[in-house]
Amino acid sequence: GHLPPDPAVDTLVQEAWDRYRDVSEGKVADYIPALAKASAEWFGICVADVDGGIHAVGDTDREFSIQSISKPFVFALVCQALGGGRARASIGVNATGLPFNSVMAIELNADRTMNPMVNAGAIATTSLAPGANAEARWSFIREGLSRFAGRELAMDHDVYESEAATNQRNQGIARLLLGYERMYSDPDDATDIYTRQCALNVTARDLAVMGATLADGGVNPVTRERVVDEDRCRRVLAVMATAGLYEQSGDWLYEVGLPGKSGVAGGLVTTAPGKGGLGVFSPPLDAAGNSVRGQLATRFLSERLGLNLFASK
Ligand code: GLN
């Protein structure tokens, strides 16, 4: 890998945690009722390098639902199955500049395609997962995400039931896409599988390993298993850079200079290509739905580890 030596990374991860542990801005998500049970105190930071080294401080083994961080990994699996060209034509890759659950984003785009990092594009992506029926498509996604994490991921039933009972807006988005011929299997099945994928439990450590798998050209650096091909990883990192933090993706790229993806349970994954992955967990979110401490810790580590993609040295 090309991160600084291990002890230096350990020191910086600890320093990031110490610096931001007392930040009290942000609000734990409650639009999915089960998410409101999270503690605002939980905070974990993990860096996984492409050689399989792990640097973890804080609540890095505590499970939480992956939520929108499933989006880049499901897109990777669907890209692998379809090819990058077909994925782009069917789903779309342009930035939306709009909130994650925007319906206007669909209306404003002439060909009705949508970046897979926002709900509309993500549900369209899930509808393209290969499989003869909904159960097979769900297995494809759950097993694929588990390979990225390097362990068997399981669904949080409380979170799933809670979101399934309150996700009328996502159901509406899927039907709108169907009307525009941008939904590729039954819209209710696609929304249900999307809701399940969002309820898969992960840890900050899992996120770091998943991010490091994208950094490593599709090979999980811990299990050494190839999950997707190198050229698919590049596509995934491109869509993360354009819309991974929704309407704040520009601010994020400006400050951090790396592709990232946030989730409303408080997770944040970031990939430094060829170097490693960062996983942060801290439930309080800003107005766009991005973890406040997650962003601060990642920005600090990107700077101090010298990870910004736009830096010449
Ligand atoms: N499951 C959530 C939703 O669709 C994911 C949103 C997110 O993490 N930003 O509303």
# chains A, B, ... in the order shown; residues from 1 in each chain; ligands from 1

$ residues_near_ligand --ligand "ligand 1" --cutoff "8 Å" --atoms "only C-alpha atoms and all ligand atoms" --output "MDAnalysis selection string"
chainID A and resid 32 66:69 100:101 118:119 163 167 170 194:195 198:199 262:265 289:290

$ write_last_selection --atoms "N, CA and C atoms" --output "PDB file, in the first residue's frame"
ATOM      1  N   ILE A  32     -37.060   7.213   9.436  1.00  0.00           N
ATOM      2  CA  ILE A  32     -37.265   5.768   9.558  1.00  0.00           C
ATOM      3  C   ILE A  32     -37.276   5.541  11.068  1.00  0.00           C
ATOM      4  N   ILE A  66     -26.656  -0.332   6.900  1.00  0.00           N
ATOM      5  CA  ILE A  66     -25.793   0.269   5.878  1.00  0.00           C
ATOM      6  C   ILE A  66     -26.477   1.414   5.147  1.00  0.00           C
ATOM      7  N   GLN A  67     -27.820   1.322   5.015  1.00  0.00           N
ATOM      8  CA  GLN A  67     -28.615   2.340   4.295  1.00  0.00           C
ATOM      9  C   GLN A  67     -28.019   2.672   2.928  1.00  0.00           C
ATOM     10  N   SER A  68     -27.846   3.949   2.625  1.00  0.00           N
ATOM     11  CA  SER A  68     -27.449   4.338   1.266  1.00  0.00           C
ATOM     12  C   SER A  68     -26.041   3.905   0.885  1.00  0.00           C
ATOM     13  N   ILE A  69     -25.267   3.451   1.857  1.00  0.00           N
ATOM     14  CA  ILE A  69     -23.914   2.999   1.508  1.00  0.00           C
ATOM     15  C   ILE A  69     -23.980   1.669   0.751  1.00  0.00           C
ATOM     16  N   PHE A 100     -31.310  13.179  -1.612  1.00  0.00           N
ATOM     17  CA  PHE A 100     -31.267  11.757  -1.968  1.00  0.00           C
ATOM     18  C   PHE A 100     -32.592  11.194  -2.430  1.00  0.00           C
ATOM     19  N   ASN A 101     -33.698  11.773  -1.929  1.00  0.00           N
ATOM     20  CA  ASN A 101     -35.012  11.201  -2.246  1.00  0.00           C
ATOM     21  C   ASN A 101     -35.779  12.077  -3.243  1.00  0.00           C
ATOM     22  N   VAL A 118     -28.371   8.147  -5.710  1.00  0.00           N
ATOM     23  CA  VAL A 118     -29.592   8.689  -5.103  1.00  0.00           C
ATOM     24  C   VAL A 118     -30.707   7.645  -5.249  1.00  0.00           C
ATOM     25  N   ASN A 119     -31.773   7.802  -4.465  1.00  0.00           N
ATOM     26  CA  ASN A 119     -32.759   6.725  -4.372  1.00  0.00           C
ATOM     27  C   ASN A 119     -33.282   6.237  -5.722  1.00  0.00           C
ATOM     28  N   GLU A 163     -38.821   0.663   7.955  1.00  0.00           N
ATOM     29  CA  GLU A 163     -38.754   1.410   6.691  1.00  0.00           C
ATOM     30  C   GLU A 163     -39.830   0.925   5.715  1.00  0.00           C
ATOM     31  N   ASN A 167     -42.131   3.740   3.691  1.00  0.00           N
ATOM     32  CA  ASN A 167     -41.365   4.136   2.490  1.00  0.00           C
ATOM     33  C   ASN A 167     -42.248   4.423   1.275  1.00  0.00           C
ATOM     34  N   ASN A 170     -40.454   6.150  -1.619  1.00  0.00           N
ATOM     35  CA  ASN A 170     -39.639   5.303  -2.490  1.00  0.00           C
ATOM     36  C   ASN A 170     -40.519   4.452  -3.409  1.00  0.00           C
ATOM     37  N   TYR A 194     -34.626  -3.181  -2.352  1.00  0.00           N
ATOM     38  CA  TYR A 194     -33.836  -1.985  -1.999  1.00  0.00           C
ATOM     39  C   TYR A 194     -33.928  -1.715  -0.495  1.00  0.00           C
ATOM     40  N   THR A 195     -35.132  -1.845   0.060  1.00  0.00           N
ATOM     41  CA  THR A 195     -35.335  -1.608   1.501  1.00  0.00           C
ATOM     42  C   THR A 195     -34.574  -2.647   2.316  1.00  0.00           C
ATOM     43  N   CYS A 198     -30.801  -1.874   2.256  1.00  0.00           N
ATOM     44  CA  CYS A 198     -30.502  -0.737   3.139  1.00  0.00           C
ATOM     45  C   CYS A 198     -30.484  -1.161   4.610  1.00  0.00           C
ATOM     46  N   ALA A 199     -31.184  -2.266   4.937  1.00  0.00           N
ATOM     47  CA  ALA A 199     -31.284  -2.728   6.330  1.00  0.00           C
ATOM     48  C   ALA A 199     -30.201  -3.740   6.691  1.00  0.00           C
ATOM     49  N   SER A 262     -22.367   8.259   1.920  1.00  0.00           N
ATOM     50  CA  SER A 262     -22.949   8.342   3.250  1.00  0.00           C
ATOM     51  C   SER A 262     -24.228   7.523   3.343  1.00  0.00           C
ATOM     52  N   GLY A 263     -24.651   7.251   4.590  1.00  0.00           N
ATOM     53  CA  GLY A 263     -25.932   6.575   4.833  1.00  0.00           C
ATOM     54  C   GLY A 263     -26.615   7.216   6.027  1.00  0.00           C
ATOM     55  N   VAL A 264     -27.954   7.188   6.055  1.00  0.00           N
ATOM     56  CA  VAL A 264     -28.686   7.891   7.120  1.00  0.00           C
ATOM     57  C   VAL A 264     -28.569   7.259   8.508  1.00  0.00           C
ATOM     58  N   ALA A 265     -28.014   6.052   8.608  1.00  0.00           N
ATOM     59  CA  ALA A 265     -27.789   5.499   9.949  1.00  0.00           C
ATOM     60  C   ALA A 265     -26.502   6.068  10.552  1.00  0.00           C
ATOM     61  N   GLY A 289     -28.248  14.843   5.361  1.00  0.00           N
ATOM     62  CA  GLY A 289     -28.288  13.433   5.745  1.00  0.00           C
ATOM     63  C   GLY A 289     -26.920  12.783   5.774  1.00  0.00           C
ATOM     64  N   ASN A 290     -25.877  13.591   5.934  1.00  0.00           N
ATOM     65  CA  ASN A 290     -24.513  13.066   5.993  1.00  0.00           C
ATOM     66  C   ASN A 290     -23.966  13.191   7.418  1.00  0.00           C
TER      67      ASN A 290
END

$ closest_atom_pairs --of "stretch 85-133 of chain A" --to "stretch 244-259 of chain A" --cutoff "9 Å" --atoms "only C-alpha atoms" --output "CSV"
residue,atom,partner,partner_atom,distance
A:Ala95,CA,A:Tyr246,CA,8.3
A:Thr96,CA,A:Glu247,CA,7.3
A:Gly97,CA,A:Glu247,CA,4.3
A:Leu98,CA,A:Glu247,CA,4.8
A:Pro99,CA,A:Tyr246,CA,5.6
A:Phe100,CA,A:Tyr246,CA,5.8
A:Met117,CA,A:Gly244,CA,5.7
A:Val118,CA,A:Tyr246,CA,7.0

$ atom_distance --atom1 "atom CA of A:Ala129" --atom2 "atom CA of A:Val78"
5.7 Å

$ residues_around --residues "A:Pro283" --least-positions-apart "4" --cutoff "10 Å" --atoms "only C-alpha atoms" --output "PDB file with N, CA and C atoms, in the first residue's frame"
ATOM      1  N   GLY A  26     -25.551  18.150  14.659  1.00  0.00           N
ATOM      2  CA  GLY A  26     -26.194  17.091  13.890  1.00  0.00           C
ATOM      3  C   GLY A  26     -27.330  16.444  14.641  1.00  0.00           C
ATOM      4  N   LYS A  27     -28.136  15.686  13.916  1.00  0.00           N
ATOM      5  CA  LYS A  27     -29.346  15.090  14.476  1.00  0.00           C
ATOM      6  C   LYS A  27     -29.471  13.649  13.974  1.00  0.00           C
ATOM      7  N   VAL A  28     -29.759  12.745  14.918  1.00  0.00           N
ATOM      8  CA  VAL A  28     -29.955  11.338  14.547  1.00  0.00           C
ATOM      9  C   VAL A  28     -31.225  11.229  13.697  1.00  0.00           C
ATOM     10  N   ALA A  29     -31.162  10.479  12.587  1.00  0.00           N
ATOM     11  CA  ALA A  29     -32.323  10.349  11.676  1.00  0.00           C
ATOM     12  C   ALA A  29     -33.502   9.721  12.395  1.00  0.00           C
ATOM     13  N   LEU A  35     -34.483   4.001  13.314  1.00  0.00           N
ATOM     14  CA  LEU A  35     -33.144   4.616  13.361  1.00  0.00           C
ATOM     15  C   LEU A  35     -32.990   5.568  14.546  1.00  0.00           C
ATOM     16  N   ALA A  36     -34.120   6.071  15.045  1.00  0.00           N
ATOM     17  CA  ALA A  36     -34.089   7.047  16.139  1.00  0.00           C
ATOM     18  C   ALA A  36     -33.570   6.446  17.443  1.00  0.00           C
ATOM     19  N   ALA A  38     -30.761   5.055  17.847  1.00  0.00           N
ATOM     20  CA  ALA A  38     -29.295   5.124  17.902  1.00  0.00           C
ATOM     21  C   ALA A  38     -28.838   6.181  18.897  1.00  0.00           C
ATOM     22  N   SER A  39     -27.674   5.971  19.501  1.00  0.00           N
ATOM     23  CA  SER A  39     -27.100   6.954  20.409  1.00  0.00           C
ATOM     24  C   SER A  39     -26.252   7.952  19.623  1.00  0.00           C
ATOM     25  N   ALA A  40     -26.403   9.230  19.979  1.00  0.00           N
ATOM     26  CA  ALA A  40     -25.603  10.281  19.335  1.00  0.00           C
ATOM     27  C   ALA A  40     -24.129  10.160  19.715  1.00  0.00           C
ATOM     28  N   GLU A  41     -23.845   9.390  20.768  1.00  0.00           N
ATOM     29  CA  GLU A  41     -22.467   9.250  21.265  1.00  0.00           C
ATOM     30  C   GLU A  41     -21.624   8.291  20.428  1.00  0.00           C
ATOM     31  N   TRP A  42     -22.243   7.305  19.816  1.00  0.00           N
ATOM     32  CA  TRP A  42     -21.470   6.276  19.116  1.00  0.00           C
ATOM     33  C   TRP A  42     -20.552   6.905  18.070  1.00  0.00           C
ATOM     34  N   PHE A  43     -19.306   6.468  18.076  1.00  0.00           N
ATOM     35  CA  PHE A  43     -18.327   7.054  17.156  1.00  0.00           C
ATOM     36  C   PHE A  43     -17.193   6.054  16.942  1.00  0.00           C
ATOM     37  N   PHE A  64     -24.764  -1.328  12.596  1.00  0.00           N
ATOM     38  CA  PHE A  64     -25.792  -0.350  12.237  1.00  0.00           C
ATOM     39  C   PHE A  64     -26.202  -0.657  10.805  1.00  0.00           C
ATOM     40  N   GLY A 263     -24.651   7.251   4.590  1.00  0.00           N
ATOM     41  CA  GLY A 263     -25.932   6.575   4.833  1.00  0.00           C
ATOM     42  C   GLY A 263     -26.615   7.216   6.027  1.00  0.00           C
ATOM     43  N   VAL A 264     -27.954   7.188   6.055  1.00  0.00           N
ATOM     44  CA  VAL A 264     -28.686   7.891   7.120  1.00  0.00           C
ATOM     45  C   VAL A 264     -28.569   7.259   8.508  1.00  0.00           C
ATOM     46  N   ALA A 265     -28.014   6.052   8.608  1.00  0.00           N
ATOM     47  CA  ALA A 265     -27.789   5.499   9.949  1.00  0.00           C
ATOM     48  C   ALA A 265     -26.502   6.068  10.552  1.00  0.00           C
ATOM     49  N   GLY A 266     -25.751   6.848   9.776  1.00  0.00           N
ATOM     50  CA  GLY A 266     -24.555   7.497  10.312  1.00  0.00           C
ATOM     51  C   GLY A 266     -23.247   6.949   9.789  1.00  0.00           C
ATOM     52  N   GLY A 267     -23.324   6.013   8.848  1.00  0.00           N
ATOM     53  CA  GLY A 267     -22.099   5.473   8.252  1.00  0.00           C
ATOM     54  C   GLY A 267     -21.578   6.385   7.151  1.00  0.00           C
ATOM     55  N   LEU A 268     -20.280   6.281   6.901  1.00  0.00           N
ATOM     56  CA  LEU A 268     -19.662   7.012   5.790  1.00  0.00           C
ATOM     57  C   LEU A 268     -18.474   6.181   5.310  1.00  0.00           C
ATOM     58  N   GLY A 289     -28.248  14.843   5.361  1.00  0.00           N
ATOM     59  CA  GLY A 289     -28.288  13.433   5.745  1.00  0.00           C
ATOM     60  C   GLY A 289     -26.920  12.783   5.774  1.00  0.00           C
ATOM     61  N   ASN A 290     -25.877  13.591   5.934  1.00  0.00           N
ATOM     62  CA  ASN A 290     -24.513  13.066   5.993  1.00  0.00           C
ATOM     63  C   ASN A 290     -23.966  13.191   7.418  1.00  0.00           C
ATOM     64  N   SER A 291     -23.268  12.148   7.896  1.00  0.00           N
ATOM     65  CA  SER A 291     -22.741  12.133   9.259  1.00  0.00           C
ATOM     66  C   SER A 291     -21.792  13.317   9.501  1.00  0.00           C
ATOM     67  N   VAL A 292     -22.078  14.081  10.543  1.00  0.00           N
ATOM     68  CA  VAL A 292     -21.272  15.276  10.823  1.00  0.00           C
ATOM     69  C   VAL A 292     -19.841  14.879  11.213  1.00  0.00           C
ATOM     70  N   ARG A 293     -19.731  14.011  12.234  1.00  0.00           N
ATOM     71  CA  ARG A 293     -18.377  13.618  12.658  1.00  0.00           C
ATOM     72  C   ARG A 293     -17.683  12.763  11.597  1.00  0.00           C
ATOM     73  N   GLY A 294     -18.499  12.020  10.826  1.00  0.00           N
ATOM     74  CA  GLY A 294     -17.938  11.220   9.733  1.00  0.00           C
ATOM     75  C   GLY A 294     -17.192  12.106   8.742  1.00  0.00           C
TER      76      GLY A 294
END

$ atom_distance --atom1 "atom CA of A:Val103" --atom2 "atom CA of A:Asp189"
19.4 Å

$ select_by_dssp --residues "stretch 219-266 of chain A" --states "helix (DSSP H, G or I)" --output "list in words"
Glu230, Asp231, Arg232, Cys233, Arg234, Arg235, Val236, Leu237, Ala238, Val239, Met240, Ala241, Thr242, Ala243, Tyr246, Glu247, Gln248, Ser249, Gly250, Asp251, Trp252, Leu253, Tyr254, Glu255 and Val256 of chain A

$ atom_distance --atom1 "atom CA of A:Arg175" --atom2 "atom CA of A:Ala136"
21.7 Å

$ select_by_dssp --residues "stretch 107-273 of chain A" --states "strand (DSSP E or B)" --output "list of chain:residue names"
A:Met155, A:Leu200, A:Asn201, A:Val202, A:Val219, A:Arg226, A:Gly260, A:Lys261, A:Ser262, A:Gly267, A:Leu268, A:Val269, A:Thr270, A:Thr271, A:Ala272

$ write_last_selection --atoms "C-alpha atoms" --output "PDB file, in the first residue's frame"
ATOM      1  CA  MET A 155     -30.527  -7.875   7.786  1.00  0.00           C
ATOM      2  CA  LEU A 200     -28.183  -4.943   6.103  1.00  0.00           C
ATOM      3  CA  ASN A 201     -26.089  -4.517   9.236  1.00  0.00           C
ATOM      4  CA  VAL A 202     -22.437  -3.489   8.963  1.00  0.00           C
ATOM      5  CA  VAL A 219     -10.117  -7.577  -4.626  1.00  0.00           C
ATOM      6  CA  ARG A 226     -12.017 -10.867  -6.274  1.00  0.00           C
ATOM      7  CA  GLY A 260     -17.337   8.838  -0.607  1.00  0.00           C
ATOM      8  CA  LYS A 261     -20.804   7.559   0.244  1.00  0.00           C
ATOM      9  CA  SER A 262     -22.949   8.342   3.250  1.00  0.00           C
ATOM     10  CA  GLY A 267     -22.099   5.473   8.252  1.00  0.00           C
ATOM     11  CA  LEU A 268     -19.662   7.012   5.790  1.00  0.00           C
ATOM     12  CA  VAL A 269     -17.332   5.101   3.449  1.00  0.00           C
ATOM     13  CA  THR A 270     -14.477   6.693   1.508  1.00  0.00           C
ATOM     14  CA  THR A 271     -12.054   5.189  -0.997  1.00  0.00           C
ATOM     15  CA  ALA A 272      -8.493   6.295  -1.703  1.00  0.00           C
TER      16      ALA A 272
END

$ residues_around --residues "A:Pro7" --least-positions-apart "5" --cutoff "10 Å" --atoms "only C-alpha atoms" --output "ChimeraX atom specification"
/A:12-13,55

$ write_last_selection --atoms "N, CA and C atoms" --output "CSV table (one decimal), in the first residue's frame"
chain,number,residue,atom,x,y,z
A,12,LEU,N,-2.8,8.8,13.7
A,12,LEU,CA,-3.7,9.7,13.1
A,12,LEU,C,-5.2,9.3,13.3
A,13,VAL,N,-5.5,8.0,13.3
A,13,VAL,CA,-6.9,7.6,13.5
A,13,VAL,C,-7.3,7.9,14.9
A,55,HIS,N,-6.8,-0.4,11.0
A,55,HIS,CA,-6.5,0.6,12.0
A,55,HIS,C,-7.8,1.1,12.5

$ residues_around --residues "A:Glu161" --least-positions-apart "3" --cutoff "10 Å" --atoms "only C-alpha atoms" --output "list in words"
Ile32, Pro33, Ala34, Asp156, His157, Asp158, Ala164, Ala165, Thr166, Thr195, Arg196 and Ala199 of chain A

$ closest_residue --among "A:Cys233, A:Val227, A:Leu278, A:Val159" --to "A:Ser302" --atoms "only C-alpha atoms"
A:Leu278

$ residues_around --residues "A:Gly274" --least-positions-apart "2" --cutoff "7 Å" --atoms "only C-alpha atoms" --output "NGL selection string"
:A and (50 or 215-216 or 272 or 276)

$ write_last_selection --atoms "N, CA and C atoms" --output "compact mmCIF listing (two decimals), in the first residue's frame"
# COMPACT_ATOMS: atom_id res chain seq x y z
N VAL A 50 -4.83 -1.43 1.46
CA VAL A 50 -4.97 -2.44 0.42
C VAL A 50 -4.09 -3.68 0.66
N ALA A 215 -10.77 0.28 -3.51
CA ALA A 215 -9.43 0.87 -3.67
C ALA A 215 -8.47 -0.12 -4.30
N ASP A 216 -8.72 -1.40 -4.05
CA ASP A 216 -7.83 -2.47 -4.48
C ASP A 216 -8.26 -3.06 -5.83
N ALA A 272 -9.70 5.67 -1.15
CA ALA A 272 -8.49 6.30 -1.70
C ALA A 272 -7.90 5.27 -2.67
N GLY A 276 -6.43 2.66 0.12
CA GLY A 276 -7.22 2.03 1.17
C GLY A 276 -8.63 2.58 1.27

$ closest_residue --among "A:Ala287, A:Ala124, A:Val74, A:Leu145" --to "A:Glu181" --atoms "only C-alpha atoms"
A:Ala124
